[in-house]
Amino acid sequence: MNMHFTRTRAVLTAVGLVLAIGAPTAYATLDAGAAAVPERGEPYIETQLFFGTARPDGGPAVTDEQFMDFVDEEVTPGFPDGLTIQSGRGQWRDASGVIEEERSYELILLYPRARALDSDRTIEEIRRAYEKAFGQEAVGRVDDEARVDF
């Protein structure tokens with residue numbers, strides 16, 4: 001019985017050593033494979049904007065028609081090449097600390113990195129216009145770098 005336990009322990013130790021030695025090699029292979037993927041597309045910036053529809057004053061929520069009119073009037077002129085709108089449900093903690101749940105819209109904009117400064121100004125104007133038009137505390141914004149190929 002003692003001999004069997006010693007042999008099992010030796011096998012498990014050997015397996016552990018093989019795994020310990022082989023793991024860094026396996027991870028290095030994964031990293032090398034990722035680097036081998038060709039880089040496609042041009043450098044772009046992806047901006048996501050999050051628009052809530054509940055009004056802090058308790059008034060009626062922003063309707064689909066009102067939001068699409070806003071997009072047509074305020075967003076499309078600055079981003080005529082295209083955009084994506086997704087409907088969703090979201091929540092956030094407002095300025096008074098209350099967690100608000102509401103219907104929302106996510107607007108996704110892609111624009112060349114070379115136009116980032118001009119696009120940034122336009123996006124900030126869009127955010128302020130929505131806040132003012134619909135009495136919102138904020139419009140969320142997320143920016144990320146991307147490579148885009150159409």
# chains A, B, ... in the order shown; residues from 1 in each chain; ligands from 1
>>> residues_around(residues="region 88-93 of chain A", least_positions_apart="5", cutoff="6 Å", atoms="only C-alpha atoms", output="list in words")
Val98, Ile99, Glu100, Glu101, Glu102, Arg103, Ser104 and Tyr105 of chain A
>>> write_last_selection(atoms="C-alpha atoms", output="mmCIF file, in the first residue's frame")
data_model
loop_
_atom_site.group_PDB
_atom_site.id
_atom_site.type_symbol
_atom_site.label_atom_id
_atom_site.label_comp_id
_atom_site.auth_asym_id
_atom_site.auth_seq_id
_atom_site.Cartn_x
_atom_site.Cartn_y
_atom_site.Cartn_z
ATOM 1 C CA VAL A 98 -31.659 57.221 -6.731
ATOM 2 C CA ILE A 99 -31.203 54.272 -9.093
ATOM 3 C CA GLU A 100 -33.269 55.013 -12.178
ATOM 4 C CA GLU A 101 -34.345 52.231 -14.549
ATOM 5 C CA GLU A 102 -35.410 53.327 -17.995
ATOM 6 C CA ARG A 103 -35.721 52.578 -21.664
ATOM 7 C CA SER A 104 -32.645 53.837 -23.456
ATOM 8 C CA TYR A 105 -30.847 54.141 -26.768
#
>>> select_by_dssp(residues="region 75-146 of chain A", states="strand (DSSP E)", output="count of residues only")
31
>>> atom_distance(atom1="CA of Gln136 (chain A)", atom2="CA of Gly52 (chain A)")
7.5 Å
